[in-house]
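Reviewing the structure listed below.
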Amino acid sequence: MVDRIVESDDIEVPEIPETLEKVLLFALDEAKQKLVGGADIVPFTALAIKENLFIETHPGDDSEECFAAAKHTVEGARGADAYALCYDGFIDTDEGDLDAIIAEGGIPGEDAGYAICYLYEIDEEGKIDFEDEPAYIGEAPNFMMFLKNASEYADDEIDEKYMEEDVAEEL
């Protein structure tokens, strides 16, 4: 997935809300483990709802289809505190294109989200070498911009499937 534009300027790294930061880092680590294990990274979202994290993959024939499916999932998430969309891509730099696992996400009601990544290289033997720390890329679209804060939803408004499924992971 390479044809996604995330705004990036030479600016300071902003303060990312704590829950969002945790979700973004979780998504990057999950994708990193898949890549190291030899698996392809199918674009996926991670939704933080109460103390749980719900992961849903978004396979598609092209990046537009994957992003549309992810956006649809996130926009319908009632009671979520944050989300991350994670995928394998690249960052266009002055030194050329660099491979990266990218996580972008946001919180309800904010105009813009954030994008961070793990840069990596694959040597001739297929060994993957990741940067030690994730890098801030810039602002990203926020699929939650039109949602209310989680605390503004009554418990019965929160989709029951989230609290009944066994696929949740503890945050």
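Residue numbers start at 1 in each chain; chains themselves are named A, B, ... in the order of the structure tokens; ligands are numbered from 1 in the order shown.
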Running DSSP on the backbone, which parts of segment 26-67 of chain A land in helix (DSSP H, G or I), as an MDAnalysis selection string?
-> chainID A and resid 26:36 63:67
Write out as number ranges by chain which residues come within 9 Å of Ala69 of chain A when counting only C-alpha atoms, dropping same-chain ones fewer than 5 positions away.
-> A: 58-60, 64, 74
For the selection just defined, write its residues with C-alpha atoms to a file, as a short mmCIF file (atom, residue, chain, number, x, y, z; two decimals), in the first residue's frame.
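Dumped to selection07.cif:
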```cif
data_model
loop_
_atom_site.label_atom_id
_atom_site.label_comp_id
_atom_site.auth_asym_id
_atom_site.auth_seq_id
_atom_site.Cartn_x
_atom_site.Cartn_y
_atom_site.Cartn_z
CA HIS A 58 -9.26 -4.62 5.76
CA PRO A 59 -8.08 -6.63 2.75
CA GLY A 60 -8.77 -5.21 -0.67
CA GLU A 64 -8.44 2.88 -1.90
CA VAL A 74 -13.95 3.52 12.37
#
```
Sort by chain and increasing residue number a table of all residues of segment 69-110 of chain A within 12 Å of segment 115-123 of chain A, each with its closest pair of atoms and their distance in Å to one decimal, counting only C-alpha atoms, and write it as a Markdown table.
```
| residue | atom | partner | partner_atom | distance |
| --- | --- | --- | --- | --- |
| A:Tyr83 | CA | A:Ala115 | CA | 11.5 |
| A:Ala84 | CA | A:Ala115 | CA | 9.0 |
| A:Leu85 | CA | A:Ala115 | CA | 9.2 |
| A:Cys86 | CA | A:Cys117 | CA | 9.1 |
| A:Tyr87 | CA | A:Cys117 | CA | 9.6 |
| A:Asp88 | CA | A:Cys117 | CA | 9.4 |
| A:Gly89 | CA | A:Cys117 | CA | 9.5 |
| A:Phe90 | CA | A:Leu119 | CA | 8.2 |
| A:Ile91 | CA | A:Leu119 | CA | 8.3 |
| A:Asp92 | CA | A:Leu119 | CA | 11.4 |
| A:Thr93 | CA | A:Leu119 | CA | 11.6 |
| A:Asp97 | CA | A:Leu119 | CA | 10.5 |
| A:Leu98 | CA | A:Leu119 | CA | 6.8 |
| A:Asp99 | CA | A:Tyr120 | CA | 5.6 |
| A:Ala100 | CA | A:Leu119 | CA | 4.3 |
| A:Ile101 | CA | A:Tyr118 | CA | 5.3 |
| A:Ile102 | CA | A:Cys117 | CA | 4.3 |
| A:Ala103 | CA | A:Ile116 | CA | 5.5 |
| A:Glu104 | CA | A:Ala115 | CA | 4.0 |
| A:Gly105 | CA | A:Ala115 | CA | 6.6 |
| A:Gly106 | CA | A:Ala115 | CA | 9.0 |
```
Requested write-out: N, CA and C atoms of the selected residues, as a PDB file, in the first residue's frame:
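To be explicit, this is the file written out as again34.pdb:
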```pdb
ATOM      1  N   TYR A  83      -8.313   5.188  17.628  1.00  0.00           N
ATOM      2  CA  TYR A  83      -8.123   4.121  16.640  1.00  0.00           C
ATOM      3  C   TYR A  83      -6.765   4.288  15.981  1.00  0.00           C
ATOM      4  N   ALA A  84      -6.313   3.198  15.401  1.00  0.00           N
ATOM      5  CA  ALA A  84      -5.129   3.230  14.547  1.00  0.00           C
ATOM      6  C   ALA A  84      -5.430   2.429  13.301  1.00  0.00           C
ATOM      7  N   LEU A  85      -4.964   2.897  12.179  1.00  0.00           N
ATOM      8  CA  LEU A  85      -4.986   2.166  10.917  1.00  0.00           C
ATOM      9  C   LEU A  85      -3.531   1.873  10.603  1.00  0.00           C
ATOM     10  N   CYS A  86      -3.201   0.599  10.441  1.00  0.00           N
ATOM     11  CA  CYS A  86      -1.803   0.215  10.242  1.00  0.00           C
ATOM     12  C   CYS A  86      -1.645  -0.519   8.917  1.00  0.00           C
ATOM     13  N   TYR A  87      -0.554  -0.235   8.221  1.00  0.00           N
ATOM     14  CA  TYR A  87      -0.283  -0.849   6.923  1.00  0.00           C
ATOM     15  C   TYR A  87       1.207  -0.761   6.602  1.00  0.00           C
ATOM     16  N   ASP A  88       1.628  -1.557   5.640  1.00  0.00           N
ATOM     17  CA  ASP A  88       3.005  -1.552   5.161  1.00  0.00           C
ATOM     18  C   ASP A  88       3.072  -0.614   3.964  1.00  0.00           C
ATOM     19  N   GLY A  89       4.015   0.296   3.983  1.00  0.00           N
ATOM     20  CA  GLY A  89       4.114   1.255   2.892  1.00  0.00           C
ATOM     21  C   GLY A  89       5.519   1.787   2.766  1.00  0.00           C
ATOM     22  N   PHE A  90       5.630   3.028   2.349  1.00  0.00           N
ATOM     23  CA  PHE A  90       6.934   3.664   2.283  1.00  0.00           C
ATOM     24  C   PHE A  90       6.780   5.155   2.530  1.00  0.00           C
ATOM     25  N   ILE A  91       7.896   5.750   2.908  1.00  0.00           N
ATOM     26  CA  ILE A  91       7.963   7.182   3.152  1.00  0.00           C
ATOM     27  C   ILE A  91       8.857   7.782   2.071  1.00  0.00           C
ATOM     28  N   ASP A  92       8.359   8.796   1.390  1.00  0.00           N
ATOM     29  CA  ASP A  92       9.123   9.487   0.354  1.00  0.00           C
ATOM     30  C   ASP A  92       9.977  10.551   1.032  1.00  0.00           C
ATOM     31  N   THR A  93      11.306  10.384   0.982  1.00  0.00           N
ATOM     32  CA  THR A  93      12.233  11.313   1.631  1.00  0.00           C
ATOM     33  C   THR A  93      13.199  11.896   0.607  1.00  0.00           C
ATOM     34  N   ASP A  97      12.707   6.664  -1.466  1.00  0.00           N
ATOM     35  CA  ASP A  97      11.649   5.966  -0.748  1.00  0.00           C
ATOM     36  C   ASP A  97      12.251   5.029   0.293  1.00  0.00           C
ATOM     37  N   LEU A  98      11.705   5.084   1.507  1.00  0.00           N
ATOM     38  CA  LEU A  98      12.136   4.211   2.590  1.00  0.00           C
ATOM     39  C   LEU A  98      10.955   3.348   3.018  1.00  0.00           C
ATOM     40  N   ASP A  99      11.189   2.034   3.149  1.00  0.00           N
ATOM     41  CA  ASP A  99      10.137   1.125   3.598  1.00  0.00           C
ATOM     42  C   ASP A  99       9.740   1.472   5.020  1.00  0.00           C
ATOM     43  N   ALA A 100       8.435   1.351   5.302  1.00  0.00           N
ATOM     44  CA  ALA A 100       7.938   1.697   6.632  1.00  0.00           C
ATOM     45  C   ALA A 100       6.648   0.952   6.940  1.00  0.00           C
ATOM     46  N   ILE A 101       6.514   0.594   8.203  1.00  0.00           N
ATOM     47  CA  ILE A 101       5.213   0.175   8.720  1.00  0.00           C
ATOM     48  C   ILE A 101       4.614   1.452   9.279  1.00  0.00           C
ATOM     49  N   ILE A 102       3.437   1.803   8.808  1.00  0.00           N
ATOM     50  CA  ILE A 102       2.824   3.084   9.148  1.00  0.00           C
ATOM     51  C   ILE A 102       1.552   2.859   9.958  1.00  0.00           C
ATOM     52  N   ALA A 103       1.394   3.643  11.006  1.00  0.00           N
ATOM     53  CA  ALA A 103       0.154   3.658  11.781  1.00  0.00           C
ATOM     54  C   ALA A 103      -0.328   5.093  11.837  1.00  0.00           C
ATOM     55  N   GLU A 104      -1.554   5.285  11.427  1.00  0.00           N
ATOM     56  CA  GLU A 104      -2.158   6.602  11.534  1.00  0.00           C
ATOM     57  C   GLU A 104      -3.456   6.453  12.315  1.00  0.00           C
ATOM     58  N   GLY A 105      -3.792   7.463  13.070  1.00  0.00           N
ATOM     59  CA  GLY A 105      -4.999   7.342  13.867  1.00  0.00           C
ATOM     60  C   GLY A 105      -5.423   8.654  14.463  1.00  0.00           C
ATOM     61  N   GLY A 106      -6.512   8.584  15.221  1.00  0.00           N
ATOM     62  CA  GLY A 106      -7.043   9.789  15.820  1.00  0.00           C
ATOM     63  C   GLY A 106      -7.973   9.479  16.974  1.00  0.00           C
TER      64      GLY A 106
END
```
Quick one: residues within 10 Å of segment 136-149 of chain A, only C-alpha atoms counted, chain neighbours fewer than 2 positions away excluded, as a PyMOL selection string?
-> chain A and resi 4-14+70-85+91+102-118+133-134+151-153
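DSSP on the backbone gives strand (DSSP E) for these parts of segment 39-70 of chain A: Phe44, Thr45, Ala46, Leu47, Ala48, Ile49, Asn52, Leu53, Phe54, Ile55, Glu56 and Thr57 of chain A.
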